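Chemist: One structure is given below, represented as structure tokens, and several questions about it will come after.
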Amino acid sequence: MKPGDELLFCALGGSGEIGMNVNLYGCDGKWLMVDLGMTFSGNEYPGIDLVFADLDFIEERRQDLLGVVLTHAHEDHIGAVPYFAADLGVPLYATPFTAKLVAAKLDEAGLTDTVELIVIDHLDRFALGPFGIRYVPLAHSIAEGNALLIDTPYGKVFHTGDWKLDKEPLIGQPATPEQLTAIGDEGVLAVVCDSTNIFNPEPSGSEGDVARGLMEEISRHKGKRVVVTTFASNVARLKTLGKVAKATNRRLCASGRSLDRIIASAKACGYLNDLPDLIDADYAMDLPRGEVLIVATGGQGEPRAALARIADDNHPIKLDKGDVVLFSSRQIPGNEIPIGKIQNQLAAKGITLVTDRQSMIHVSGHPGRPELEELYGWLRPEILVPVHGEVRHMREQGRVGKAKGIRHIVNQVNGDLCRLAPGKPGKFDTVRAGRLVLDGDIIGPADGEAVVMRRRLAHAGVVVVALAGQIGSKSGRVRVEGIGLPLVEDYDQFVEEAIGDVVKAVGKLKGSDARDRDAITEAARLAARRAALRWCGKKPQVKVMLLEG
């Protein structure tokens, strides 16, 4: 469909889940995309690392798509750019720091000359068709977190992106309450708002508080080697660690390729210019234990990141009993098991662990309930559209917004096509909004046969049946192999019985079925599966191969 004389909103990702943010605005025949993110795979997708929103709806309408505006540089907002931007065929718009990181992705993918990347100065307004756009800086856990103020013929939309309130952000200058109130005075039709931390009854806290907390905590561990693990993208946290290293007479070592990328991009944009000279891991290990501070990636339990390798003694950085690891990061839901594994490995070595539950060494980059309520008061929107959260988060934000006097709450999830104006706002249609996965070098549907089969194999194993010749005759041969079945001593007996069952099942076929390959295959498949169920209580996948001769 083509937007008419109206203002539409549709999330293809990030509504009903945390991550993979892709949002569309439609107006007067044209579409605008805000963010193009991804998420990381979980156990539901065996063998898969990256998950994307299915962009089929907008790809079919790419002739009406004007551009992709990126709010900030977290992977759940820009991670899909190198995989889809070329196919979309429209320019990308970003502020300088975000643009640096996006440009690196495009260069790595060989797309620098294919995808147009337009750098927007923080205060510059620009127009794309019926959309007038300007960035509004807000605090977040990365440099240049931004909201978008989108001006349309039907009213202004304040799209928050990821944000928080922070009186001492250390990096950047977020919009002040007075500036946000002035935006509200101009009239805001709708706020499309981050829901992540709605259940937090307290404000998220300040990076300034974290700076003081890290200084105090690290100062306590004199004579000990200290590792701090944090999100590589948190430029303010890196700035703090540089200052702490200087104040405590320690040399700073950064371990992790993503840290190298972030630091280089930040310096190119004028951030981290006062960061002390970094040392490498080998030099760090030559220093006395109390004279080094190491910042490492991997606080979410990523198996290939620096912290996991340190815990596994597979890294140049070595820790001994009494050394300290500070987890200056939030435990993202779903990562509890891999984080716990690393923490247990470290604890077994006698290493002291400190988390944000024990010390003020981390604050969230998303707004707690009081911050949301303040924003509503400044902007005074007619409509609230909760996004960026699971359904429970978004519905709760809707209830809070309603209690604070916002007239219309638009509850939606991925694929809901909503009209914001004119008339009463709300959902009026549904479009395709599935998931895609990067499987090796191939992007395919998340519910495709390969992924579904892999999931089943992981659950119950596989039995392979090979049939050659005319089964039941002297020339006929049957082989059965089971993979991943919970059979050890009984395996040979299972194979013998399964072969007999297959021979009997195929031998019972009469008439045309006895010559029909599909009928033979199905009879053999069911017989082998029943044999496996008898022997081990599993219903494995069964692959039947009909061989010539």
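Starting from 1 in every chain, residues are counted up; chains themselves are A, B, ... following the order of the structure tokens, and ligands are numbered from 1 as listed.
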Show me, as a PDB file with C-alpha atoms, in the first residue's frame, the residues that have an atom within 12 Å of Leu123 of chain A when counting only C-alpha atoms, minus same-chain residues fewer than 6 positions from it.

Modeler:
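Writing done, so here's around_34.pdb:
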ATOM      1  CA  ALA A  94      23.657   9.798  10.642  1.00  0.00           C
ATOM      2  CA  THR A  95      25.497  12.150  12.976  1.00  0.00           C
ATOM      3  CA  PRO A  96      29.335  12.062  12.816  1.00  0.00           C
ATOM      4  CA  ILE A 133      13.883  16.117  10.363  1.00  0.00           C
ATOM      5  CA  ARG A 134      16.261  17.293  13.046  1.00  0.00           C
ATOM      6  CA  TYR A 135      18.299  15.425  15.596  1.00  0.00           C
ATOM      7  CA  VAL A 136      17.649  16.168  19.262  1.00  0.00           C
ATOM      8  CA  PRO A 137      20.602  15.015  21.409  1.00  0.00           C
ATOM      9  CA  GLU A 144      25.643  10.874  20.103  1.00  0.00           C
ATOM     10  CA  ASN A 146      19.656  11.130  19.529  1.00  0.00           C
ATOM     11  CA  ALA A 147      15.945  11.519  19.310  1.00  0.00           C
ATOM     12  CA  LEU A 148      14.396  12.631  16.031  1.00  0.00           C
ATOM     13  CA  LEU A 149      11.903  15.454  15.738  1.00  0.00           C
ATOM     14  CA  GLN A 173      25.422  17.859  25.646  1.00  0.00           C
ATOM     15  CA  PRO A 174      21.892  16.432  25.838  1.00  0.00           C
ATOM     16  CA  ALA A 175      18.899  18.669  25.298  1.00  0.00           C
TER      17      ALA A 175
END

Chemist: If we count only C-alpha atoms, what is near Ile58 of chain A at a cut-off of 10 Å, once residues fewer than 3 positions away on the same chain are taken out, given as a ChimeraX atom specification?

Modeler: /A:1,12,24,31-33,54-55,61-65,88,431-432

Chemist: Using only C-alpha atoms, which residues sit within 10 Å of Leu467 of chain A once same-chain residues fewer than 6 positions away are excluded, as a list of chain:residue names?

Modeler: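 Everything that qualifies: A:Gly476, A:Arg477, A:Val478, A:Arg479, A:Val480, A:Ile499, A:Val502, A:Val503, A:Ile520, A:Thr521, A:Ala524, A:Val544, A:Met545, A:Leu546, A:Leu547, A:Glu548, A:Gly549.
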
Chemist: When DSSP works through the backbone of this structure, what residues of segment 97-147 of chain A end up as strand (DSSP E or B), shown as number ranges by chain?

Modeler: A: 117-119, 125-128, 131-137, 139, 146-147

Chemist: Got time to write the residues from that selection, N, CA and C atoms, as an mmCIF file, in the first residue's frame?

Modeler:
data_model
loop_
_atom_site.group_PDB
_atom_site.id
_atom_site.type_symbol
_atom_site.label_atom_id
_atom_site.label_comp_id
_atom_site.auth_asym_id
_atom_site.auth_seq_id
_atom_site.Cartn_x
_atom_site.Cartn_y
_atom_site.Cartn_z
ATOM 1 N N LEU A 117 26.170 7.544 2.234
ATOM 2 C CA LEU A 117 26.106 7.848 3.660
ATOM 3 C C LEU A 117 26.264 9.356 3.831
ATOM 4 N N ILE A 118 25.241 9.998 4.349
ATOM 5 C CA ILE A 118 25.223 11.454 4.498
ATOM 6 C C ILE A 118 25.372 11.805 5.975
ATOM 7 N N VAL A 119 26.396 12.574 6.284
ATOM 8 C CA VAL A 119 26.683 12.964 7.663
ATOM 9 C C VAL A 119 25.942 14.261 7.971
ATOM 10 N N ARG A 125 18.992 20.889 10.291
ATOM 11 C CA ARG A 125 17.709 20.341 9.875
ATOM 12 C C ARG A 125 17.835 19.887 8.432
ATOM 13 N N PHE A 126 17.121 18.834 8.079
ATOM 14 C CA PHE A 126 17.102 18.397 6.682
ATOM 15 C C PHE A 126 15.719 17.860 6.357
ATOM 16 N N ALA A 127 15.414 17.810 5.082
ATOM 17 C CA ALA A 127 14.080 17.404 4.642
ATOM 18 C C ALA A 127 14.192 16.228 3.684
ATOM 19 N N LEU A 128 13.295 15.277 3.854
ATOM 20 C CA LEU A 128 13.147 14.158 2.931
ATOM 21 C C LEU A 128 11.679 14.098 2.542
ATOM 22 N N PHE A 131 8.821 14.912 4.999
ATOM 23 C CA PHE A 131 9.351 14.822 6.357
ATOM 24 C C PHE A 131 10.448 15.862 6.582
ATOM 25 N N GLY A 132 10.243 16.743 7.544
ATOM 26 C CA GLY A 132 11.311 17.617 8.011
ATOM 27 C C GLY A 132 11.915 16.995 9.258
ATOM 28 N N ILE A 133 13.239 16.905 9.316
ATOM 29 C CA ILE A 133 13.883 16.117 10.363
ATOM 30 C C ILE A 133 14.991 16.925 11.031
ATOM 31 N N ARG A 134 15.072 16.822 12.353
ATOM 32 C CA ARG A 134 16.261 17.293 13.046
ATOM 33 C C ARG A 134 16.563 16.370 14.216
ATOM 34 N N TYR A 135 17.849 16.215 14.454
ATOM 35 C CA TYR A 135 18.299 15.425 15.596
ATOM 36 C C TYR A 135 18.160 16.239 16.878
ATOM 37 N N VAL A 136 17.726 15.566 17.937
ATOM 38 C CA VAL A 136 17.649 16.168 19.262
ATOM 39 C C VAL A 136 18.535 15.320 20.170
ATOM 40 N N PRO A 137 19.690 15.841 20.604
ATOM 41 C CA PRO A 137 20.602 15.015 21.409
ATOM 42 C C PRO A 137 20.007 14.664 22.763
ATOM 43 N N ALA A 139 20.841 11.881 26.275
ATOM 44 C CA ALA A 139 21.853 11.013 26.887
ATOM 45 C C ALA A 139 21.524 9.547 26.614
ATOM 46 N N ASN A 146 20.535 10.075 20.033
ATOM 47 C CA ASN A 146 19.656 11.130 19.529
ATOM 48 C C ASN A 146 18.207 10.686 19.447
ATOM 49 N N ALA A 147 17.335 11.634 19.734
ATOM 50 C CA ALA A 147 15.945 11.519 19.310
ATOM 51 C C ALA A 147 15.819 12.185 17.945
#

Chemist: May I ask which of the residues A:Phe231, A:Trp163, A:Tyr376, A:Tyr83 is the closest one to Ala53 of chain A, counting only C-alpha atoms?

Modeler: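 Nearest to Ala53 of chain A: A:Tyr83.
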
Chemist: Which of segment 138-357 of chain A end up as helix (DSSP H, G or I) when DSSP is run on this backbone - answer as a short mmCIF file (atom, residue, chain, number, x, y, z; two decimals) with C-alpha atoms, in the first residue's frame?

Modeler:
data_model
loop_
_atom_site.label_atom_id
_atom_site.label_comp_id
_atom_site.auth_asym_id
_atom_site.auth_seq_id
_atom_site.Cartn_x
_atom_site.Cartn_y
_atom_site.Cartn_z
CA PRO A 177 14.45 20.38 30.08
CA GLU A 178 13.93 23.94 28.80
CA GLN A 179 14.72 22.90 25.22
CA LEU A 180 12.42 19.89 25.42
CA THR A 181 9.67 22.06 26.92
CA ALA A 182 10.08 24.46 23.99
CA ILE A 183 9.54 21.54 21.60
CA GLY A 184 6.38 20.68 23.52
CA ASP A 185 5.25 24.32 23.27
CA GLU A 186 5.41 24.03 19.47
CA GLU A 207 27.62 8.52 34.33
CA GLY A 208 29.09 11.02 36.77
CA ASP A 209 28.01 8.76 39.65
CA VAL A 210 29.60 5.80 37.90
CA ALA A 211 32.85 7.74 37.46
CA ARG A 212 33.03 8.36 41.19
CA GLY A 213 32.05 4.77 41.94
CA LEU A 214 34.76 3.33 39.69
CA MET A 215 37.35 5.67 41.15
CA GLU A 216 36.46 4.54 44.67
CA GLU A 217 36.26 0.84 43.81
CA ILE A 218 39.50 0.65 41.84
CA SER A 219 41.36 2.71 44.47
CA VAL A 235 32.53 6.19 25.28
CA ALA A 236 31.76 7.99 28.55
CA ARG A 237 32.80 4.87 30.50
CA LEU A 238 36.06 4.68 28.54
CA LYS A 239 36.72 8.34 29.33
CA THR A 240 36.15 7.60 33.02
CA LEU A 241 38.52 4.62 33.00
CA GLY A 242 41.22 6.77 31.42
CA LYS A 243 40.89 9.29 34.24
CA VAL A 244 40.80 6.57 36.90
CA ALA A 245 43.95 5.00 35.45
CA LYS A 246 45.78 8.34 35.70
CA ALA A 247 44.54 9.06 39.22
CA ARG A 257 38.77 -5.41 18.65
CA SER A 258 35.46 -3.62 19.17
CA LEU A 259 37.17 -1.41 21.76
CA ASP A 260 39.85 -0.50 19.22
CA ARG A 261 37.17 0.46 16.69
CA ILE A 262 35.18 2.55 19.14
CA ILE A 263 38.22 4.38 20.49
CA ALA A 264 39.47 5.22 16.98
CA SER A 265 36.05 6.49 15.89
CA ALA A 266 35.56 8.48 19.09
CA LYS A 267 38.93 10.21 18.74
CA ALA A 268 38.20 11.03 15.10
CA ALA A 281 48.58 -6.98 26.69
CA ASP A 282 52.21 -8.12 26.69
CA TYR A 283 53.41 -4.82 28.15
CA ALA A 284 50.57 -4.94 30.70
CA MET A 285 51.75 -8.35 31.92
CA ASP A 286 55.29 -7.04 32.43
CA ARG A 289 50.15 -6.00 39.31
CA GLY A 290 49.00 -2.76 40.89
CA GLU A 291 50.16 -0.60 38.00
CA ALA A 306 38.42 -11.02 25.69
CA LEU A 307 36.92 -11.75 29.12
CA ALA A 308 35.87 -15.31 28.22
CA ARG A 309 39.36 -16.02 26.91
CA ILE A 310 40.93 -14.53 30.04
CA ALA A 311 38.71 -16.72 32.23
CA GLU A 336 22.56 -15.14 32.54
CA ILE A 337 24.00 -18.59 31.76
CA PRO A 338 27.09 -17.53 29.74
CA ILE A 339 27.83 -14.69 32.18
CA GLY A 340 27.47 -17.08 35.11
CA LYS A 341 29.84 -19.55 33.46
CA ILE A 342 32.57 -16.91 33.14
CA GLN A 343 32.00 -15.62 36.66
CA ASN A 344 32.25 -19.16 38.04
CA GLN A 345 35.50 -19.75 36.14
CA LEU A 346 36.96 -16.55 37.57
CA ALA A 347 35.71 -17.25 41.09
CA ALA A 348 37.27 -20.72 41.00
#

Chemist: With distances taken over only C-alpha atoms, which of A:Arg407, A:Arg455, A:His72, A:His366 is nearest to Ile383 of chain A?

Modeler: A:Arg407
